[in-house]
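Chemist: So here's target00.txt (compact mmCIF, C-alpha atoms).
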# COMPACT_ATOMS: atom_id res chain seq x y z
CA MET D 1 -8.83 -45.18 -3.01
CA LEU D 2 -9.50 -41.63 -4.24
CA GLU D 3 -11.04 -42.90 -7.46
CA LYS D 4 -13.67 -44.85 -5.50
CA VAL D 5 -14.68 -41.73 -3.57
CA HIS D 6 -14.70 -39.57 -6.71
CA SER D 7 -16.88 -42.02 -8.60
CA LYS D 8 -19.61 -42.14 -5.92
CA ARG D 9 -21.47 -38.84 -5.64
CA PRO D 10 -23.54 -39.81 -2.55
CA LEU D 11 -20.33 -40.80 -0.75
CA GLN D 12 -18.76 -37.46 -1.68
CA LEU D 13 -21.76 -35.59 -0.31
CA LEU D 14 -21.79 -37.63 2.89
CA LEU D 15 -18.05 -37.14 3.36
CA GLY D 16 -18.41 -33.41 2.71
CA MET D 17 -21.23 -33.14 5.22
CA ALA D 18 -19.25 -35.06 7.85
CA ILE D 19 -16.16 -32.90 7.34
CA GLY D 20 -18.32 -29.75 7.44
CA PHE D 21 -19.94 -30.88 10.67
CA CYS D 22 -16.53 -31.59 12.22
CA PHE D 23 -15.23 -28.22 11.01
CA GLY D 24 -18.19 -26.38 12.55
CA PHE D 25 -17.86 -28.38 15.76
CA LEU D 26 -14.17 -27.50 16.04
CA LEU D 27 -14.84 -23.82 15.30
CA GLN D 28 -17.45 -23.81 18.05
CA LYS D 29 -15.18 -25.64 20.51
CA GLY D 30 -12.36 -23.23 19.66
CA GLY D 31 -14.63 -20.33 20.61
CA VAL D 32 -14.40 -18.58 17.25
CA THR D 33 -18.13 -18.72 16.55
CA ARG D 34 -18.77 -16.22 19.36
CA TYR D 35 -19.30 -12.63 18.30
CA ASP D 36 -17.35 -11.21 21.25
CA VAL D 37 -14.28 -13.31 20.39
CA ILE D 38 -14.32 -12.16 16.77
CA MET D 39 -14.83 -8.51 17.76
CA GLY D 40 -12.02 -8.90 20.30
CA GLN D 41 -9.76 -10.06 17.46
CA LEU D 42 -10.70 -7.13 15.25
CA LEU D 43 -9.94 -4.79 18.16
CA LEU D 44 -6.59 -6.60 18.75
CA GLN D 45 -7.67 -7.63 22.25
CA ASP D 46 -8.40 -11.37 21.83
CA TRP D 47 -6.02 -13.51 19.76
CA THR D 48 -8.09 -16.71 19.76
CA VAL D 49 -8.97 -16.37 16.06
CA VAL D 50 -5.31 -15.94 15.02
CA LYS D 51 -4.31 -18.96 17.10
CA VAL D 52 -7.01 -21.11 15.50
CA ILE D 53 -6.16 -19.93 11.97
CA LEU D 54 -2.42 -20.46 12.41
CA THR D 55 -3.01 -23.92 13.88
CA ALA D 56 -5.30 -24.79 10.95
CA ILE D 57 -2.73 -23.55 8.42
CA LEU D 58 -0.01 -25.60 10.09
CA THR D 59 -2.13 -28.75 10.29
CA GLY D 60 -3.45 -28.41 6.73
CA MET D 61 -0.06 -27.61 5.22
CA ILE D 62 1.73 -30.53 6.81
CA GLY D 63 -1.25 -32.86 6.39
CA ILE D 64 -1.78 -32.30 2.67
CA TYR D 65 1.86 -32.93 1.84
CA LEU D 66 2.11 -36.00 4.09
CA LEU D 67 -1.08 -37.45 2.60
CA SER D 68 0.19 -36.77 -0.93
CA ILE D 69 3.25 -39.01 -0.42
CA PRO D 70 1.25 -42.29 -0.44
CA GLY D 71 -1.24 -40.83 -2.94
CA LEU D 72 -4.08 -40.30 -0.44
CA ALA D 73 -4.48 -36.65 -1.39
CA ARG D 74 -3.65 -34.35 -4.28
CA LEU D 75 -2.92 -30.66 -4.08
CA HIS D 76 -5.10 -28.75 -6.52
CA THR D 77 -4.01 -25.17 -7.09
CA TRP D 78 -5.91 -22.52 -9.03
CA SER D 79 -4.75 -19.52 -10.97
CA GLY D 80 -5.86 -16.17 -9.67
CA SER D 81 -5.70 -12.46 -10.24
CA PHE D 82 -5.25 -9.30 -8.26
CA GLY D 83 -8.65 -8.11 -9.49
CA SER D 84 -10.48 -11.10 -8.08
CA THR D 85 -8.45 -10.93 -4.87
CA VAL D 86 -9.37 -7.27 -4.34
CA ILE D 87 -13.08 -7.83 -5.11
CA GLY D 88 -13.19 -10.93 -2.89
CA GLY D 89 -11.36 -9.11 -0.11
CA LEU D 90 -13.76 -6.17 -0.30
CA ILE D 91 -16.85 -8.41 -0.21
CA PHE D 92 -15.38 -10.45 2.66
CA GLY D 93 -14.31 -7.32 4.57
CA ILE D 94 -17.64 -5.53 4.17
CA GLY D 95 -19.56 -8.58 5.36
CA PHE D 96 -17.13 -9.11 8.23
CA ALA D 97 -17.37 -5.43 9.28
CA ILE D 98 -21.17 -5.34 9.13
CA LEU D 99 -21.93 -8.59 10.96
CA GLY D 100 -18.70 -9.61 12.68
CA TYR D 101 -18.48 -13.09 11.15
CA CYS D 102 -16.59 -14.66 8.29
CA PRO D 103 -18.45 -17.33 6.26
CA GLY D 104 -17.12 -20.27 8.31
CA THR D 105 -17.75 -18.73 11.70
CA LEU D 106 -21.14 -17.47 10.51
CA ALA D 107 -22.24 -21.00 9.62
CA GLY D 108 -20.91 -22.28 12.96
CA ALA D 109 -22.63 -19.49 14.89
CA ALA D 110 -25.92 -20.12 13.06
CA GLY D 111 -25.56 -23.82 13.81
CA GLN D 112 -25.16 -23.13 17.52
CA GLY D 113 -28.28 -20.94 17.48
CA SER D 114 -26.88 -17.38 17.44
CA LEU D 115 -29.81 -15.31 16.21
CA ASN D 116 -27.68 -12.48 14.80
CA ALA D 117 -25.90 -15.01 12.57
CA LEU D 118 -29.07 -16.86 11.66
CA ILE D 119 -31.31 -13.86 10.99
CA GLY D 120 -28.77 -11.37 9.67
CA GLY D 121 -25.92 -13.46 8.35
CA VAL D 122 -27.44 -16.37 6.48
CA PRO D 123 -29.85 -14.21 4.44
CA GLY D 124 -27.00 -11.74 3.89
CA MET D 125 -24.78 -14.49 2.47
CA VAL D 126 -27.56 -15.73 0.19
CA ILE D 127 -28.42 -12.20 -1.03
CA GLY D 128 -24.74 -11.34 -1.46
CA ALA D 129 -24.12 -14.51 -3.46
CA GLY D 130 -27.12 -13.70 -5.65
CA ILE D 131 -25.92 -10.15 -6.31
CA TYR D 132 -22.43 -11.41 -7.12
CA ALA D 133 -23.83 -14.04 -9.49
CA ALA D 134 -25.93 -11.37 -11.22
CA ILE D 135 -23.03 -8.95 -11.78
CA TYR D 136 -20.39 -11.64 -12.42
CA PRO D 137 -20.68 -11.50 -16.24
CA LYS D 138 -19.92 -7.76 -16.15
CA LEU D 139 -17.01 -8.20 -13.72
CA VAL D 140 -15.27 -11.20 -15.24
CA ASP D 141 -13.46 -9.52 -18.13
CA ARG D 142 -13.26 -5.96 -16.80
CA VAL D 143 -12.12 -6.56 -13.22
CA LEU D 144 -11.70 -10.18 -12.18
CA LYS D 145 -9.01 -11.00 -14.75
CA LEU D 146 -6.85 -7.93 -14.02
CA GLY D 147 -3.33 -8.92 -12.98
CA GLU D 148 -3.68 -12.66 -13.55
CA PHE D 149 -1.08 -14.96 -12.03
CA ASP D 150 -0.26 -18.63 -12.46
CA LYS D 151 -1.38 -21.44 -10.22
CA GLU D 152 2.05 -22.02 -8.75
CA THR D 153 2.72 -22.84 -5.14
CA ILE D 154 5.48 -21.04 -3.23
CA PRO D 155 7.83 -24.06 -3.51
CA GLN D 156 7.22 -24.14 -7.29
CA MET D 157 7.93 -20.42 -7.55
CA LEU D 158 11.18 -20.89 -5.62
CA GLY D 159 12.10 -24.07 -7.51
CA VAL D 160 12.46 -26.18 -4.35
CA THR D 161 10.70 -29.18 -2.83
CA PRO D 162 7.86 -28.28 -0.44
CA TRP D 163 9.65 -29.42 2.72
CA PRO D 164 12.06 -26.48 3.21
CA VAL D 165 9.14 -24.08 2.81
CA ILE D 166 7.02 -26.17 5.18
CA ALA D 167 9.85 -26.18 7.73
CA LEU D 168 10.29 -22.40 7.52
CA VAL D 169 6.54 -21.67 7.72
CA THR D 170 6.19 -24.14 10.60
CA LEU D 171 9.01 -22.41 12.49
CA VAL D 172 7.48 -18.96 11.92
CA ILE D 173 4.01 -20.12 13.02
CA LEU D 174 5.38 -21.85 16.12
CA VAL D 175 7.31 -18.71 17.08
CA ILE D 176 4.20 -16.55 16.64
CA LEU D 177 2.08 -18.99 18.67
CA GLY D 178 4.78 -19.12 21.34
CA ILE D 179 4.92 -15.34 21.59
CA LEU D 180 1.13 -15.15 21.85
CA GLU D 181 1.15 -17.71 24.66
CA LEU D 182 4.04 -16.10 26.53
CA THR D 183 2.41 -12.67 26.39
CA GLY D 184 -0.96 -14.07 27.45
CA ALA D 185 -2.60 -12.79 24.27
Could you write out this structure as structure tokens?
Modeler:
Amino acid sequence: MLEKVHSKRPLQLLLGMAIGFCFGFLLQKGGVTRYDVIMGQLLLQDWTVVKVILTAILTGMIGIYLLSIPGLARLHTWSGSFGSTVIGGLIFGIGFAILGYCPGTLAGAAGQGSLNALIGGVPGMVIGAGIYAAIYPKLVDRVLKLGEFDKETIPQMLGVTPWPVIALVTLVILVILGILELTGA
């Protein structure tokens, strides 16, 4: 089944667009495309964003491993480095601090017609991507490869099957979500 999708580029693009549309729709329905919700999270007053992220992590984690059992999905991991993580975190954080959106919520907010996202955010993402692409050759060897680490998953690092890790992470996320609900956060 996967080979058929991978061999047909138009189908891949259509599937990607459909998934992106659904993702944006769910972000909007979850309320995380609203500036005041995101600012409330950054001020530790509104926990909607954390609830959505934890729910997405839980769904994605369980879903990818369940779909991999019959061969409907494959987990693709990438190696990384502390240098690239720091640079990416700084770029993400600066953009988030200036505009109040992350890339996903920015796209969702622009799609729902928020002018601050459309006028400030979309051009900012394009300009930022252009600047990064221009300085990438200078960063790649000097900064981005500092502290490289393998493309192992946590279960691989621990030498266990994924399911004990999934069970533990699920328990932790459910406890956090429960506490947030009980406290009215």
Chemist: Quick one, how far is atom CA of Gln28 of chain D from atom CA of Ala107 of chain D?
Modeler: 10.1 Å
Chemist: What's around Ile173 of chain D at 9 Å? Count only C-alpha atoms, leave out sequence neighbours fewer than 6 positions away in its own chain, and write the answer as an mmCIF file with C-alpha atoms, in the coordinates of the input.
Modeler:
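The resulting file, part_18.cif, is shown below:
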data_model
loop_
_atom_site.group_PDB
_atom_site.id
_atom_site.type_symbol
_atom_site.label_atom_id
_atom_site.label_comp_id
_atom_site.auth_asym_id
_atom_site.auth_seq_id
_atom_site.Cartn_x
_atom_site.Cartn_y
_atom_site.Cartn_z
ATOM 1 C CA LEU D 54 -2.420 -20.460 12.410
ATOM 2 C CA THR D 55 -3.010 -23.920 13.880
ATOM 3 C CA ILE D 57 -2.730 -23.550 8.420
ATOM 4 C CA LEU D 58 -0.010 -25.600 10.090
#
Chemist: I'd like the interatomic distance between atom CA of Gly24 of chain D and atom CA of Ile94 of chain D, to a tenth of an Å.
Modeler: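 Computed distance, atom CA of Gly24 of chain D to atom CA of Ile94 of chain D, equals 22.5 Å.
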Chemist: Measuring atom to atom with all atoms listed in the file, identify which of D:Leu72, D:Leu42, D:Leu14, D:Val50 is nearest to Glu181 of chain D.
Modeler: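 Among the listed residues, D:Val50 lies closest to Glu181 of chain D.
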Chemist: Using only C-alpha atoms, which of the listed residues (D:Gly121, D:Ile131, D:Ile53, D:Gly20) sits closest to Ile176 of chain D?
Modeler: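 Once distances to Ile176 of chain D are computed over only C-alpha atoms, the minimum belongs to D:Ile53.
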Chemist: Which polymer residues have any atom within 12 Å of an atom of segment 59-64 of chain D, counting only C-alpha atoms, with same-chain residues fewer than 3 positions away left out, as a list in words?
Modeler: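 The filter keeps Val52, Ile53, Leu54, Thr55, Ala56, Leu67, Ser68, Ile69, Pro70, Gly71, Leu72, Ala73, Arg74, Leu75, His76, Thr153, Pro162, Trp163, Pro164, Val165, Ile166, Ala167, Leu168, Val169, Thr170, Ile173 and Leu174 of chain D.
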Chemist: Please save C-alpha atoms of the selected residues as a CSV table (one decimal), in the coordinates of the input.
Modeler:
chain,number,residue,atom,x,y,z
D,52,VAL,CA,-7.0,-21.1,15.5
D,53,ILE,CA,-6.2,-19.9,12.0
D,54,LEU,CA,-2.4,-20.5,12.4
D,55,THR,CA,-3.0,-23.9,13.9
D,56,ALA,CA,-5.3,-24.8,11.0
D,67,LEU,CA,-1.1,-37.4,2.6
D,68,SER,CA,0.2,-36.8,-0.9
D,69,ILE,CA,3.2,-39.0,-0.4
D,70,PRO,CA,1.2,-42.3,-0.4
D,71,GLY,CA,-1.2,-40.8,-2.9
D,72,LEU,CA,-4.1,-40.3,-0.4
D,73,ALA,CA,-4.5,-36.6,-1.4
D,74,ARG,CA,-3.6,-34.4,-4.3
D,75,LEU,CA,-2.9,-30.7,-4.1
D,76,HIS,CA,-5.1,-28.8,-6.5
D,153,THR,CA,2.7,-22.8,-5.1
D,162,PRO,CA,7.9,-28.3,-0.4
D,163,TRP,CA,9.6,-29.4,2.7
D,164,PRO,CA,12.1,-26.5,3.2
D,165,VAL,CA,9.1,-24.1,2.8
D,166,ILE,CA,7.0,-26.2,5.2
D,167,ALA,CA,9.8,-26.2,7.7
D,168,LEU,CA,10.3,-22.4,7.5
D,169,VAL,CA,6.5,-21.7,7.7
D,170,THR,CA,6.2,-24.1,10.6
D,173,ILE,CA,4.0,-20.1,13.0
D,174,LEU,CA,5.4,-21.8,16.1
Chemist: Restricting the calculation to all atoms listed in the file, which member of D:Ser84, D:Leu146, D:Gly159, D:Gln45 is positioned closest to Gly184 of chain D?
Modeler: D:Gln45
Chemist: Pick the closest to Ile98 of chain D from D:Leu44, D:Val160, D:Met39, D:Ala185: which is it, counting all atoms listed in the file?
Modeler: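 Ranked by minimum distance to Ile98 of chain D, first place goes to D:Met39.
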Chemist: Could you tell me how far atom CA of Tyr35 of chain D lies from atom CA of Gly104 of chain D, in Å and to one decimal?
Modeler: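 One can read the atom CA of Tyr35 of chain D to atom CA of Gly104 of chain D distance as 12.8 Å.
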Chemist: Which one of D:Thr48, D:Pro123, D:Ala117, D:Gly111 sits closest to Phe21 of chain D if you count all atoms listed in the file?
Modeler: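 Of the candidates, the smallest distance to Phe21 of chain D is held by D:Gly111.
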Chemist: Mind checking which residues fall within 12 Å of Val32 of chain D, counting all atoms listed in the file, ignoring those fewer than 4 positions away in the same chain, and posting them as JSON, numbers by chain?
Modeler: {"D": [23, 24, 25, 26, 27, 28, 36, 37, 38, 39, 40, 41, 46, 47, 48, 49, 50, 51, 52, 53, 100, 101, 102, 103, 104, 105, 106, 107, 108, 109, 112]}
Chemist: Which is closest to Ile154 of chain D among D:Gln12, D:Thr77, D:Ser7, D:Asn116, if we use only C-alpha atoms?
Modeler: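 Using only C-alpha atoms, the shortest distance to Ile154 of chain D belongs to D:Thr77.
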Chemist: Kindly reconstruct segment 64-96 of chain D with N, CA and C atoms and present the result as a PDB file, in the coordinates of the input.
Modeler:
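So the final result, stored in result-v8.pdb, reads:
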ATOM      1  N   ILE D  64      -1.580 -32.082   4.103  1.00  0.00           N
ATOM      2  CA  ILE D  64      -1.780 -32.300   2.670  1.00  0.00           C
ATOM      3  C   ILE D  64      -0.535 -32.872   2.019  1.00  0.00           C
ATOM      4  N   TYR D  65       0.628 -32.408   2.443  1.00  0.00           N
ATOM      5  CA  TYR D  65       1.860 -32.930   1.840  1.00  0.00           C
ATOM      6  C   TYR D  65       2.185 -34.338   2.334  1.00  0.00           C
ATOM      7  N   LEU D  66       1.898 -34.630   3.607  1.00  0.00           N
ATOM      8  CA  LEU D  66       2.110 -36.000   4.090  1.00  0.00           C
ATOM      9  C   LEU D  66       1.150 -36.980   3.421  1.00  0.00           C
ATOM     10  N   LEU D  67      -0.102 -36.570   3.251  1.00  0.00           N
ATOM     11  CA  LEU D  67      -1.080 -37.450   2.600  1.00  0.00           C
ATOM     12  C   LEU D  67      -0.804 -37.611   1.101  1.00  0.00           C
ATOM     13  N   SER D  68      -0.110 -36.652   0.504  1.00  0.00           N
ATOM     14  CA  SER D  68       0.190 -36.770  -0.930  1.00  0.00           C
ATOM     15  C   SER D  68       1.311 -37.772  -1.200  1.00  0.00           C
ATOM     16  N   ILE D  69       2.140 -38.056  -0.222  1.00  0.00           N
ATOM     17  CA  ILE D  69       3.250 -39.010  -0.420  1.00  0.00           C
ATOM     18  C   ILE D  69       2.728 -40.396  -0.802  1.00  0.00           C
ATOM     19  N   PRO D  70       1.771 -40.971  -0.035  1.00  0.00           N
ATOM     20  CA  PRO D  70       1.250 -42.290  -0.440  1.00  0.00           C
ATOM     21  C   PRO D  70       0.116 -42.201  -1.469  1.00  0.00           C
ATOM     22  N   GLY D  71      -0.189 -40.983  -1.942  1.00  0.00           N
ATOM     23  CA  GLY D  71      -1.240 -40.830  -2.940  1.00  0.00           C
ATOM     24  C   GLY D  71      -2.646 -40.732  -2.358  1.00  0.00           C
ATOM     25  N   LEU D  72      -2.772 -40.410  -1.077  1.00  0.00           N
ATOM     26  CA  LEU D  72      -4.080 -40.300  -0.440  1.00  0.00           C
ATOM     27  C   LEU D  72      -4.725 -38.935  -0.653  1.00  0.00           C
ATOM     28  N   ALA D  73      -3.952 -37.988  -1.116  1.00  0.00           N
ATOM     29  CA  ALA D  73      -4.480 -36.650  -1.390  1.00  0.00           C
ATOM     30  C   ALA D  73      -3.684 -36.036  -2.529  1.00  0.00           C
ATOM     31  N   ARG D  74      -4.313 -35.101  -3.210  1.00  0.00           N
ATOM     32  CA  ARG D  74      -3.650 -34.350  -4.280  1.00  0.00           C
ATOM     33  C   ARG D  74      -3.873 -32.867  -4.047  1.00  0.00           C
ATOM     34  N   LEU D  75      -2.831 -32.106  -4.223  1.00  0.00           N
ATOM     35  CA  LEU D  75      -2.920 -30.660  -4.080  1.00  0.00           C
ATOM     36  C   LEU D  75      -3.413 -30.073  -5.393  1.00  0.00           C
ATOM     37  N   HIS D  76      -4.544 -29.378  -5.328  1.00  0.00           N
ATOM     38  CA  HIS D  76      -5.100 -28.750  -6.520  1.00  0.00           C
ATOM     39  C   HIS D  76      -4.984 -27.237  -6.355  1.00  0.00           C
ATOM     40  N   THR D  77      -4.161 -26.614  -7.171  1.00  0.00           N
ATOM     41  CA  THR D  77      -4.010 -25.170  -7.090  1.00  0.00           C
ATOM     42  C   THR D  77      -4.798 -24.517  -8.229  1.00  0.00           C
ATOM     43  N   TRP D  78      -5.147 -23.270  -8.042  1.00  0.00           N
ATOM     44  CA  TRP D  78      -5.910 -22.520  -9.030  1.00  0.00           C
ATOM     45  C   TRP D  78      -5.172 -21.251  -9.373  1.00  0.00           C
ATOM     46  N   SER D  79      -5.315 -20.811 -10.604  1.00  0.00           N
ATOM     47  CA  SER D  79      -4.750 -19.520 -10.970  1.00  0.00           C
ATOM     48  C   SER D  79      -5.622 -18.442 -10.342  1.00  0.00           C
ATOM     49  N   GLY D  80      -5.104 -17.261 -10.275  1.00  0.00           N
ATOM     50  CA  GLY D  80      -5.860 -16.170  -9.670  1.00  0.00           C
ATOM     51  C   GLY D  80      -5.523 -14.858 -10.333  1.00  0.00           C
ATOM     52  N   SER D  81      -6.004 -13.793  -9.733  1.00  0.00           N
ATOM     53  CA  SER D  81      -5.700 -12.460 -10.240  1.00  0.00           C
ATOM     54  C   SER D  81      -5.814 -11.469  -9.091  1.00  0.00           C
ATOM     55  N   PHE D  82      -5.146 -10.352  -9.271  1.00  0.00           N
ATOM     56  CA  PHE D  82      -5.250  -9.300  -8.260  1.00  0.00           C
ATOM     57  C   PHE D  82      -6.643  -8.707  -8.249  1.00  0.00           C
ATOM     58  N   GLY D  83      -7.281  -8.626  -9.416  1.00  0.00           N
ATOM     59  CA  GLY D  83      -8.650  -8.110  -9.490  1.00  0.00           C
ATOM     60  C   GLY D  83      -9.619  -8.934  -8.673  1.00  0.00           C
ATOM     61  N   SER D  84      -9.562 -10.247  -8.839  1.00  0.00           N
ATOM     62  CA  SER D  84     -10.480 -11.100  -8.080  1.00  0.00           C
ATOM     63  C   SER D  84     -10.147 -11.104  -6.592  1.00  0.00           C
ATOM     64  N   THR D  85      -8.858 -10.982  -6.273  1.00  0.00           N
ATOM     65  CA  THR D  85      -8.450 -10.930  -4.870  1.00  0.00           C
ATOM     66  C   THR D  85      -8.972  -9.660  -4.197  1.00  0.00           C
ATOM     67  N   VAL D  86      -8.878  -8.537  -4.903  1.00  0.00           N
ATOM     68  CA  VAL D  86      -9.370  -7.270  -4.340  1.00  0.00           C
ATOM     69  C   VAL D  86     -10.887  -7.308  -4.175  1.00  0.00           C
ATOM     70  N   ILE D  87     -11.610  -7.755  -5.199  1.00  0.00           N
ATOM     71  CA  ILE D  87     -13.080  -7.830  -5.110  1.00  0.00           C
ATOM     72  C   ILE D  87     -13.487  -8.780  -3.988  1.00  0.00           C
ATOM     73  N   GLY D  88     -12.869  -9.968  -3.941  1.00  0.00           N
ATOM     74  CA  GLY D  88     -13.190 -10.930  -2.890  1.00  0.00           C
ATOM     75  C   GLY D  88     -12.875 -10.380  -1.512  1.00  0.00           C
ATOM     76  N   GLY D  89     -11.744  -9.706  -1.391  1.00  0.00           N
ATOM     77  CA  GLY D  89     -11.360  -9.110  -0.110  1.00  0.00           C
ATOM     78  C   GLY D  89     -12.334  -8.031   0.335  1.00  0.00           C
ATOM     79  N   LEU D  90     -12.790  -7.223  -0.624  1.00  0.00           N
ATOM     80  CA  LEU D  90     -13.760  -6.170  -0.300  1.00  0.00           C
ATOM     81  C   LEU D  90     -15.091  -6.773   0.149  1.00  0.00           C
ATOM     82  N   ILE D  91     -15.580  -7.761  -0.581  1.00  0.00           N
ATOM     83  CA  ILE D  91     -16.850  -8.410  -0.210  1.00  0.00           C
ATOM     84  C   ILE D  91     -16.718  -9.060   1.168  1.00  0.00           C
ATOM     85  N   PHE D  92     -15.622  -9.796   1.372  1.00  0.00           N
ATOM     86  CA  PHE D  92     -15.380 -10.450   2.660  1.00  0.00           C
ATOM     87  C   PHE D  92     -15.299  -9.400   3.772  1.00  0.00           C
ATOM     88  N   GLY D  93     -14.511  -8.348   3.544  1.00  0.00           N
ATOM     89  CA  GLY D  93     -14.310  -7.320   4.570  1.00  0.00           C
ATOM     90  C   GLY D  93     -15.575  -6.576   4.921  1.00  0.00           C
ATOM     91  N   ILE D  94     -16.385  -6.240   3.917  1.00  0.00           N
ATOM     92  CA  ILE D  94     -17.640  -5.530   4.170  1.00  0.00           C
ATOM     93  C   ILE D  94     -18.577  -6.412   5.001  1.00  0.00           C
ATOM     94  N   GLY D  95     -18.708  -7.667   4.599  1.00  0.00           N
ATOM     95  CA  GLY D  95     -19.560  -8.580   5.360  1.00  0.00           C
ATOM     96  C   GLY D  95     -19.054  -8.789   6.777  1.00  0.00           C
ATOM     97  N   PHE D  96     -17.745  -8.920   6.908  1.00  0.00           N
ATOM     98  CA  PHE D  96     -17.130  -9.110   8.230  1.00  0.00           C
ATOM     99  C   PHE D  96     -17.374  -7.864   9.097  1.00  0.00           C
TER     100      PHE D  96
END
